[in-house]
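So this block is model.cif, mmCIF, C-alpha atoms:
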```cif
data_model
#
loop_
_atom_site.label_atom_id
_atom_site.label_comp_id
_atom_site.auth_asym_id
_atom_site.auth_seq_id
_atom_site.Cartn_x
_atom_site.Cartn_y
_atom_site.Cartn_z
CA MET A 40 -29.36 115.11 -4.73
CA ASP A 41 -30.87 114.90 -1.30
CA GLU A 42 -33.89 116.28 0.48
CA GLU A 43 -33.59 115.33 4.17
CA GLN A 44 -34.56 117.86 6.82
CA LEU A 45 -32.98 117.38 10.26
CA GLN A 46 -31.72 119.70 12.97
CA PRO A 47 -28.01 120.59 13.24
CA THR A 48 -26.35 123.02 15.66
CA THR A 49 -24.24 126.05 14.76
CA GLU A 50 -20.51 126.80 14.83
CA THR A 51 -17.80 127.73 12.35
CA LEU A 52 -15.31 125.38 10.73
CA GLN A 53 -11.62 126.05 11.08
CA GLN A 54 -10.47 127.89 7.96
CA GLN A 55 -7.73 126.32 5.88
CA ASP A 56 -4.44 128.15 5.32
CA ARG A 57 -4.57 128.82 1.58
CA SER A 58 -1.19 130.46 1.18
CA ASP A 59 -0.21 127.65 -1.18
CA GLU A 60 -2.79 128.58 -3.81
CA GLY A 61 -0.83 131.25 -5.61
CA ASP A 62 -0.28 128.96 -8.58
CA ASP A 63 -3.91 128.95 -9.64
CA GLY A 64 -3.46 132.28 -11.39
CA GLN A 65 -6.55 133.79 -9.81
CA ARG A 66 -5.75 134.76 -6.22
CA ASP A 67 -4.33 138.23 -6.86
CA ARG A 68 -7.60 139.70 -8.05
CA THR A 69 -9.39 142.30 -5.94
CA ALA A 70 -13.02 142.55 -4.88
CA SER A 71 -13.60 145.22 -7.52
CA ASP A 72 -12.29 142.79 -10.15
CA VAL A 73 -14.86 140.25 -8.95
CA GLN A 74 -17.73 142.68 -9.28
CA ALA A 75 -16.61 143.52 -12.81
CA SER A 76 -16.39 139.83 -13.70
CA GLU A 77 -19.86 138.64 -12.82
CA ALA A 78 -21.77 136.60 -15.39
CA SER A 79 -23.41 139.70 -16.87
CA SER A 80 -20.90 141.86 -18.68
CA PRO A 81 -21.58 145.18 -20.42
CA GLY A 82 -22.05 143.47 -23.78
CA PHE A 83 -23.41 140.07 -22.79
CA ALA A 84 -26.21 138.57 -20.71
CA PRO A 85 -26.16 134.89 -19.64
CA ALA A 86 -28.66 132.55 -21.28
CA LEU A 87 -29.36 128.83 -21.61
CA ARG A 88 -29.91 127.36 -25.05
CA PRO A 89 -31.01 123.77 -25.81
CA ILE A 90 -28.73 121.55 -27.91
CA LEU A 91 -29.32 118.36 -29.89
CA GLY A 92 -32.42 119.84 -31.45
CA GLY A 93 -34.07 120.23 -28.06
CA PHE A 94 -34.20 116.45 -27.51
CA GLN A 95 -36.06 115.79 -24.25
CA PHE A 96 -34.22 113.57 -21.77
CA HIS A 97 -35.73 111.90 -18.73
CA GLN A 98 -32.96 111.87 -16.10
CA PRO A 99 -29.59 112.61 -17.71
CA ILE A 100 -26.67 112.52 -15.28
CA GLU A 101 -23.56 112.74 -17.48
CA MET A 102 -22.50 114.07 -20.89
CA LEU A 103 -19.12 113.33 -22.47
CA ALA A 104 -17.60 114.95 -25.54
CA LEU A 105 -15.88 112.28 -27.64
CA PRO A 106 -12.80 112.94 -29.79
CA ASP A 107 -14.83 112.69 -33.02
CA GLY A 108 -17.13 115.53 -31.94
CA SER A 109 -20.08 113.34 -30.98
CA LEU A 110 -21.62 113.33 -27.51
CA LEU A 111 -22.33 110.51 -25.07
CA VAL A 112 -25.25 111.03 -22.71
CA ALA A 113 -25.86 108.72 -19.75
CA GLU A 114 -29.26 108.52 -18.07
CA GLN A 115 -29.91 107.37 -14.53
CA ARG A 116 -32.20 104.55 -15.59
CA GLY A 117 -29.24 102.82 -17.28
CA TYR A 118 -28.91 104.07 -20.87
CA ILE A 119 -25.80 105.48 -22.53
CA THR A 120 -26.52 106.97 -25.96
CA ARG A 121 -24.25 108.56 -28.55
CA PHE A 122 -25.52 111.59 -30.43
CA VAL A 123 -24.02 112.51 -33.80
CA GLU A 124 -24.99 115.82 -35.40
CA ASP A 125 -24.79 116.25 -39.18
CA GLY A 126 -26.27 119.60 -40.03
CA ASP A 127 -29.91 119.46 -38.97
CA GLU A 128 -29.83 115.68 -38.69
CA ILE A 129 -29.13 114.10 -35.31
CA GLU A 130 -28.38 110.39 -35.15
CA GLN A 131 -28.89 108.46 -31.91
CA ILE A 132 -26.82 105.34 -31.34
CA GLY A 133 -27.35 103.14 -28.30
CA ILE A 134 -23.94 102.46 -26.73
CA LEU A 135 -24.83 100.58 -23.55
CA ASP A 136 -28.12 99.44 -22.03
CA LEU A 137 -27.91 98.43 -18.37
CA THR A 138 -31.59 98.89 -17.59
CA GLU A 139 -32.02 95.21 -16.72
CA SER A 140 -29.01 95.36 -14.37
CA VAL A 141 -29.46 98.77 -12.71
CA MET A 142 -31.59 99.51 -9.67
CA PHE A 143 -33.25 102.73 -10.84
CA ARG A 144 -34.97 104.27 -7.83
CA GLY A 145 -34.55 107.55 -5.95
CA GLU A 146 -30.81 108.19 -5.62
CA GLN A 147 -29.91 104.81 -7.09
CA GLY A 148 -29.23 104.02 -10.72
CA LEU A 149 -26.52 104.69 -13.25
CA LEU A 150 -24.73 107.48 -11.40
CA SER A 151 -21.63 108.41 -13.40
CA VAL A 152 -19.59 107.67 -16.51
CA ALA A 153 -16.06 108.65 -17.55
CA GLN A 154 -13.98 107.87 -20.59
CA HIS A 155 -10.37 106.78 -20.51
CA PRO A 156 -8.03 109.80 -20.89
CA GLN A 157 -6.54 108.20 -24.03
CA PHE A 158 -9.92 107.17 -25.37
CA GLU A 159 -8.87 106.86 -29.01
CA SER A 160 -6.24 104.21 -28.19
CA GLN A 161 -7.92 102.95 -25.00
CA PRO A 162 -11.66 102.87 -25.86
CA PHE A 163 -12.95 102.24 -22.35
CA LEU A 164 -15.91 103.62 -20.44
CA TYR A 165 -15.90 103.56 -16.63
CA VAL A 166 -19.43 103.25 -15.27
CA TYR A 167 -20.53 103.67 -11.65
CA TYR A 168 -23.98 102.24 -10.88
CA SER A 169 -26.32 100.55 -8.40
CA PRO A 170 -26.74 96.87 -9.34
CA ARG A 171 -30.22 95.44 -9.08
CA GLY A 172 -30.86 93.18 -6.09
CA LYS A 173 -27.64 94.05 -4.22
CA SER A 174 -26.86 96.53 -1.43
CA ILE A 175 -23.74 97.82 -3.17
CA THR A 176 -22.56 100.27 -5.76
CA ARG A 177 -20.23 99.10 -8.49
CA LEU A 178 -17.53 100.67 -10.62
CA SER A 179 -16.95 98.76 -13.86
CA ARG A 180 -15.04 99.18 -17.09
CA PHE A 181 -16.64 98.51 -20.49
CA ARG A 182 -14.80 98.31 -23.80
CA ILE A 183 -16.16 100.01 -26.92
CA VAL A 184 -16.28 97.42 -29.72
CA GLN A 185 -17.44 98.53 -33.18
CA GLY A 186 -19.16 101.59 -31.74
CA VAL A 187 -20.98 99.94 -28.83
CA ALA A 188 -20.08 98.73 -25.33
CA PRO A 189 -21.28 95.12 -25.08
CA PRO A 190 -22.30 94.16 -21.52
CA ALA A 191 -20.08 91.08 -21.92
CA THR A 192 -17.01 93.35 -21.88
CA GLU A 193 -17.71 94.43 -18.30
CA LEU A 194 -14.77 94.23 -15.92
CA VAL A 195 -15.82 94.88 -12.32
CA ILE A 196 -13.23 97.16 -10.70
CA ILE A 197 -14.61 97.69 -7.20
CA GLU A 198 -17.84 97.17 -5.27
CA ILE A 199 -18.75 99.25 -2.21
CA PRO A 200 -21.30 98.01 0.37
CA GLN A 201 -24.17 100.49 0.75
CA PRO A 202 -26.21 100.23 3.97
CA TYR A 203 -28.95 102.53 2.66
CA SER A 204 -30.39 103.50 -0.71
CA ASN A 205 -29.36 107.17 -0.56
CA HIS A 206 -26.05 109.05 -0.37
CA ASN A 207 -24.39 106.68 -2.79
CA GLY A 208 -22.45 109.62 -4.17
CA GLY A 209 -21.30 109.25 -7.70
CA ALA A 210 -18.75 110.95 -9.87
CA VAL A 211 -16.01 109.12 -11.74
CA ARG A 212 -13.23 111.41 -12.92
CA PHE A 213 -9.70 110.98 -14.25
CA GLY A 214 -7.17 113.41 -12.87
CA PRO A 215 -4.30 115.05 -14.74
CA ASP A 216 -2.14 112.33 -13.13
CA GLY A 217 -4.03 109.62 -15.03
CA MET A 218 -5.50 108.17 -11.84
CA LEU A 219 -9.21 107.47 -11.37
CA TYR A 220 -11.06 109.38 -8.64
CA LEU A 221 -14.48 108.32 -7.35
CA GLY A 222 -16.66 110.31 -4.96
CA LEU A 223 -18.65 108.29 -2.41
CA GLY A 224 -21.40 109.41 -0.04
CA ASP A 225 -21.58 108.46 3.64
CA GLY A 226 -23.87 105.49 2.95
CA GLY A 227 -27.16 107.18 3.62
CA ALA A 228 -30.09 107.47 5.98
CA ALA A 229 -29.62 110.78 7.83
CA ASN A 230 -27.13 112.13 10.38
CA ASP A 231 -24.54 109.56 9.20
CA PRO A 232 -25.85 107.03 11.77
CA GLN A 233 -22.95 104.62 11.30
CA GLY A 234 -20.28 107.32 11.59
CA HIS A 235 -18.74 106.73 8.16
CA GLY A 236 -17.71 110.33 7.56
CA GLN A 237 -14.92 110.25 10.15
CA ASN A 238 -14.13 106.53 9.81
CA ARG A 239 -11.23 105.94 7.45
CA GLU A 240 -11.65 102.16 7.69
CA THR A 241 -14.52 102.53 5.21
CA LEU A 242 -14.64 104.02 1.73
CA LEU A 243 -17.98 105.67 2.43
CA GLY A 244 -17.83 109.43 2.82
CA THR A 245 -14.56 109.65 0.87
CA ILE A 246 -12.96 110.45 -2.44
CA ILE A 247 -10.92 107.44 -3.49
CA ARG A 248 -7.97 107.44 -5.90
CA ILE A 249 -6.99 104.25 -7.74
CA ASP A 250 -4.89 103.17 -10.72
CA VAL A 251 -6.94 101.38 -13.39
CA ASN A 252 -4.21 101.07 -16.02
CA ASP A 253 -3.25 97.56 -17.22
CA ILE A 254 -5.92 95.86 -15.14
CA ASP A 255 -7.59 92.46 -15.42
CA THR A 256 -9.93 90.26 -13.40
CA ALA A 257 -7.07 89.20 -11.11
CA THR A 258 -5.93 92.80 -10.51
CA PRO A 259 -8.94 95.10 -11.14
CA TYR A 260 -7.12 98.15 -9.71
CA ARG A 261 -3.93 99.18 -7.91
CA ILE A 262 -3.22 101.60 -5.09
CA PRO A 263 -1.01 104.50 -6.28
CA ALA A 264 2.25 104.59 -4.35
CA ASP A 265 1.71 108.25 -3.41
CA ASN A 266 -1.77 107.89 -1.91
CA PRO A 267 -1.75 109.75 1.43
CA PHE A 268 -2.83 106.89 3.71
CA LEU A 269 -0.98 104.01 2.09
CA GLY A 270 0.63 101.83 4.77
CA ILE A 271 -1.23 103.44 7.68
CA ALA A 272 -2.96 100.90 9.92
CA GLY A 273 -6.73 101.24 10.19
CA VAL A 274 -7.10 103.37 7.04
CA ARG A 275 -8.21 102.17 3.62
CA PRO A 276 -5.31 102.90 1.25
CA GLU A 277 -7.69 103.92 -1.55
CA VAL A 278 -8.77 107.02 0.40
CA TRP A 279 -7.61 110.37 -1.03
CA ALA A 280 -9.80 112.63 1.17
CA TYR A 281 -12.64 112.05 3.62
CA GLY A 282 -15.30 113.65 5.82
CA LEU A 283 -17.82 114.12 2.99
CA ARG A 284 -21.58 113.67 3.21
CA ASN A 285 -22.65 113.10 -0.38
CA PRO A 286 -20.36 114.56 -3.06
CA TRP A 287 -22.64 114.96 -6.07
CA ARG A 288 -20.56 115.87 -9.15
CA MET A 289 -16.92 116.85 -9.08
CA ALA A 290 -14.47 118.04 -11.71
CA PHE A 291 -10.82 118.89 -12.22
CA ASP A 292 -9.93 122.38 -13.35
CA PRO A 293 -7.92 121.70 -16.53
CA GLU A 294 -5.70 124.73 -15.89
CA THR A 295 -4.86 124.45 -12.18
CA GLY A 296 -5.45 120.72 -11.64
CA LEU A 297 -7.59 121.43 -8.56
CA LEU A 298 -10.44 119.00 -7.87
CA TRP A 299 -13.74 120.75 -7.09
CA ALA A 300 -16.86 119.07 -5.68
CA GLY A 301 -20.35 119.91 -4.54
CA ASP A 302 -21.10 118.18 -1.23
CA VAL A 303 -24.81 117.91 -0.44
CA GLY A 304 -25.80 119.20 2.99
CA GLN A 305 -28.40 117.88 5.39
CA ASP A 306 -30.77 120.49 6.75
CA ARG A 307 -29.07 123.89 6.60
CA VAL A 308 -25.95 124.20 4.47
CA GLU A 309 -24.83 123.19 0.98
CA GLU A 310 -21.11 123.38 0.32
CA ILE A 311 -18.50 123.65 -2.41
CA VAL A 312 -15.15 122.12 -1.56
CA ILE A 313 -11.72 121.83 -3.13
CA ILE A 314 -10.43 118.30 -2.61
CA ARG A 315 -6.77 117.82 -1.75
CA GLU A 316 -4.90 114.73 -0.67
CA GLY A 317 -5.31 113.59 2.90
CA GLU A 318 -7.76 116.30 3.93
CA ASN A 319 -10.74 115.90 6.26
CA HIS A 320 -13.83 117.88 5.22
CA GLY A 321 -15.54 117.55 8.57
CA TRP A 322 -18.77 115.57 8.14
CA ASN A 323 -20.55 114.51 10.38
CA VAL A 324 -19.02 116.81 12.98
CA PHE A 325 -19.58 119.78 10.68
CA GLU A 326 -22.24 120.43 8.06
CA GLY A 327 -20.69 122.89 5.64
CA ASP A 328 -19.28 125.70 7.75
CA GLN A 329 -21.58 125.01 10.73
CA CYS A 330 -21.20 122.69 13.71
CA PHE A 331 -23.46 119.66 13.30
CA ARG A 332 -22.78 117.88 16.59
CA SER A 333 -21.91 119.35 20.01
CA GLU A 334 -19.64 122.36 20.37
CA ASP A 335 -17.19 120.13 22.24
CA ASP A 336 -17.09 117.71 19.29
CA CYS A 337 -16.46 120.55 16.87
CA ALA A 338 -13.75 122.07 19.03
CA ALA A 339 -12.05 118.67 19.32
CA LEU A 340 -11.89 118.11 15.55
CA SER A 341 -8.71 119.95 14.63
CA GLY A 342 -7.67 120.51 11.06
CA ALA A 343 -11.07 120.07 9.39
CA ILE A 344 -11.10 121.90 6.07
CA ALA A 345 -13.67 124.61 5.52
CA PRO A 346 -15.62 124.81 2.26
CA VAL A 347 -14.78 127.56 -0.23
CA GLY A 348 -18.46 128.28 -0.78
CA VAL A 349 -21.72 127.70 1.11
CA TYR A 350 -25.38 128.62 0.84
CA GLY A 351 -28.40 127.98 3.02
CA HIS A 352 -31.65 126.19 2.37
CA ASP A 353 -33.41 129.47 1.77
CA GLU A 354 -31.65 129.39 -1.64
CA GLY A 355 -31.87 125.69 -2.49
CA CYS A 356 -31.69 122.24 -0.93
CA SER A 357 -29.24 120.05 -2.88
CA VAL A 358 -26.05 121.30 -4.49
CA THR A 359 -24.96 120.02 -7.89
CA GLY A 360 -21.23 120.43 -8.37
CA GLY A 361 -20.08 122.00 -11.61
CA LEU A 362 -16.97 123.11 -13.48
CA VAL A 363 -14.38 125.85 -13.59
CA TYR A 364 -15.07 127.77 -16.79
CA ARG A 365 -12.16 127.63 -19.23
CA GLY A 366 -13.97 128.37 -22.47
CA GLN A 367 -13.48 131.34 -24.80
CA ALA A 368 -17.00 132.48 -25.62
CA MET A 369 -17.46 134.28 -22.27
CA PRO A 370 -14.06 135.73 -21.31
CA HIS A 371 -15.53 137.60 -18.33
CA MET A 372 -16.30 134.20 -16.71
CA VAL A 373 -12.90 132.53 -17.13
CA GLY A 374 -11.73 131.12 -13.79
CA ALA A 375 -15.17 131.11 -12.17
CA TYR A 376 -16.47 127.85 -10.70
CA VAL A 377 -19.99 127.34 -12.10
CA PHE A 378 -22.44 125.18 -10.12
CA GLY A 379 -26.14 124.89 -9.35
CA ASP A 380 -28.89 123.54 -7.12
CA PHE A 381 -31.18 120.63 -7.93
CA CYS A 382 -34.16 122.10 -6.07
CA SER A 383 -34.07 125.81 -6.89
CA GLY A 384 -32.54 125.54 -10.37
CA THR A 385 -30.26 128.48 -9.63
CA ILE A 386 -26.82 128.57 -11.29
CA TRP A 387 -24.08 130.46 -9.45
CA GLY A 388 -20.44 131.28 -10.01
CA LEU A 389 -17.70 131.32 -7.40
CA TRP A 390 -15.39 134.18 -8.32
CA PRO A 391 -11.81 134.58 -7.04
CA ASP A 392 -11.77 137.35 -4.41
CA ASN A 393 -8.80 138.13 -2.17
CA SER A 394 -10.97 140.17 0.18
CA SER A 395 -13.11 137.14 1.04
CA GLU A 396 -12.19 134.88 3.98
CA THR A 397 -12.29 131.81 1.72
CA GLY A 398 -10.73 133.54 -1.31
CA TRP A 399 -13.97 133.23 -3.30
CA THR A 400 -17.23 135.18 -3.66
CA ARG A 401 -20.51 133.66 -4.85
CA SER A 402 -22.69 135.45 -7.40
CA PRO A 403 -25.84 134.28 -9.21
CA ILE A 404 -25.53 133.68 -12.95
CA ILE A 405 -28.99 132.61 -14.10
CA GLU A 406 -32.19 130.87 -13.00
CA SER A 407 -32.70 127.70 -15.02
CA GLY A 408 -36.20 126.94 -13.72
CA ALA A 409 -35.34 123.24 -13.82
CA PRO A 410 -33.88 120.53 -11.53
CA ILE A 411 -30.14 120.66 -12.27
CA ALA A 412 -28.62 117.18 -12.10
CA SER A 413 -25.17 117.69 -13.61
CA PHE A 414 -22.81 119.90 -15.60
CA ALA A 415 -20.55 119.00 -18.52
CA ALA A 416 -17.84 120.63 -20.60
CA GLY A 417 -17.63 120.48 -24.36
CA ASP A 418 -14.33 119.88 -26.10
CA ASP A 419 -14.14 123.69 -26.45
CA GLY A 420 -14.44 124.25 -22.69
CA GLU A 421 -17.98 125.64 -22.86
CA ILE A 422 -20.42 124.60 -20.13
CA TYR A 423 -23.55 122.48 -20.55
CA VAL A 424 -26.30 121.98 -17.98
CA LEU A 425 -28.13 118.67 -17.60
CA VAL A 426 -31.63 118.91 -16.14
CA PHE A 427 -34.27 116.29 -15.44
CA ASN A 428 -37.19 116.07 -17.87
CA GLY A 429 -35.84 118.51 -20.41
CA PRO A 430 -33.17 119.20 -23.02
CA ILE A 431 -29.47 119.59 -22.36
CA LEU A 432 -28.74 123.32 -22.14
CA LYS A 433 -25.66 125.29 -23.16
CA LEU A 434 -24.66 128.27 -21.04
CA VAL A 435 -24.04 131.17 -23.40
CA GLY A 436 -23.52 134.91 -23.25
CA GLU A 437 -25.98 136.62 -25.57
CA GLU A 438 -25.37 140.10 -26.93
CA ARG A 439 -27.51 142.71 -25.24
#
```

Now, as a test, write the supplied structure out as structure tokens.
Amino acid sequence: MDEEQLQPTTETLQQQDRSDEGDDGQRDRTASDVQASEASSPGFAPALRPILGGFQFHQPIEMLALPDGSLLVAEQRGYITRFVEDGDEIEQIGILDLTESVMFRGEQGLLSVAQHPQFESQPFLYVYYSPRGKSITRLSRFRIVQGVAPPATELVIIEIPQPYSNHNGGAVRFGPDGMLYLGLGDGGAANDPQGHGQNRETLLGTIIRIDVNDIDTATPYRIPADNPFLGIAGVRPEVWAYGLRNPWRMAFDPETGLLWAGDVGQDRVEEIVIIREGENHGWNVFEGDQCFRSEDDCAALSGAIAPVGVYGHDEGCSVTGGLVYRGQAMPHMVGAYVFGDFCSGTIWGLWPDNSSETGWTRSPIIESGAPIASFAAGDDGEIYVLVFNGPILKLVGEER
């Protein structure tokens, strides 16, 4: 979520060799397959339908499906609420209230929540937020006790200095490896004035990967032994990938294990990236697939990874990363990466396409008419859209 307008230059990022992607089960499709697999199929048209009785949220940023079928919804101002549906009755249960602790302003606030992968036996919530009165962001763990998460159970895992109030990033996700991944922006202002994107001595502008199993106040996290920069002088060992501007929402594909993210652009280009270990995504030398600094700078940066999808500011201004669809209700969309834009409200899909230079083709799915802040998956793999000042919406395919 970002609205700065500054002037980059133009050039093209070096394209990544993607010959190792044959295991995602999608790369052998042709362009004609893509056209036949767009969101509208002969029998269905995409639609958005409110859930939870149309309950109106202010600024929801995360929704989690719990093992018992209930839903947790986190709002940027600092609330986490559990919703339990029983027929037409919907019960609301306050789980955690951090409104007195959270700096809720602009791009600051409660920014992300994740549940422990073994939530039933490990009832922990991992909360990433902007503490009031401090120039940091904080990742903490809270324990669920008798249905609520008392603030007294907070265990601070890591705090990241933030020189500015924007580009604080924010998505906490557990990978299929059981490790915790956290997306961090470049620290803010505009143009990355402190050069964080290409500086691996900082955590800003990176995706970090840490082990939060069996932790305590003395050891709030560990560095996984297979992190790509472990033991390299001048590089923070937490770093998994770097060169990002402001990754806003990311998600693992449950089938392929690939980590997808939406990285907010500056003035011209919004980008979708696949995050792999050790990779450099180019900011602030590149903005999306265009050169941001001088042509000499761009030519000198070898190995920068190109995005798999981009769009210009004639179509939106702030990408919101989404999810790879793995539900059953819309079989024509399986394997598409679904994402949106906060400003335009457009929802697109990235469809596998061997004829494309990146291996993916972007197609519009539906216009939401609302500021899209986040996406979520139900326990059935269906996709939900979180918008500011409105209900949570379910993406469905209605019969024509």

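One finds atom CA of Leu434 of chain A at 21.3 Å from atom CA of Trp399 of chain A.
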
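Of the residues under consideration (A:Ser341, A:Ile119, A:Ile254, A:Ser160), A:Ser160 shows the shortest atom-to-atom contact distance to Pro106 of chain A when counting only C-alpha atoms.
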
Segment 165-180 of chain A environment, 9 Å, all atoms listed in the file, sequence neighbours closer than 3 positions dropped, as a ChimeraX atom specification: /A:115,117,139-143,147-155,192-204,207,209-211,221

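Every protein, DNA or RNA residue with an atom at most 6 Å from segment 371-380 of chain A, where only C-alpha atoms count and chain neighbours fewer than 5 positions away do not, is listed here: Ser76, Gly355, Ser357, Val358, Thr359, Gly360, Gly361, Leu362, Val363, Tyr364, Arg365, Thr385, Ile386, Trp387, Gly388, Leu389 and Trp390 of chain A.
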
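Note that the spacing between atom CA of Leu135 of chain A and atom CA of Gly217 of chain A amounts to 24.2 Å.
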
Protein and nucleic acid residues near (-18.7, 122.1, 6.4) (cut-off 12 Å, only C-alpha atoms) as a PyMOL selection string: chain A and resi 47+49-55+236+282-285+301-305+307-313+319-332+337+343-351

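Residues matched by the PyMOL selection byres ((chain A and resi 421) around 10) in this file are A:Leu362, A:Val363, A:Tyr364, A:Arg365, A:Gly366, A:Gln367, A:Ala368, A:Met369, A:Ala415, A:Ala416, A:Gly417, A:Asp418, A:Asp419, A:Gly420, A:Ile422, A:Tyr423, A:Lys433, A:Leu434, A:Val435.
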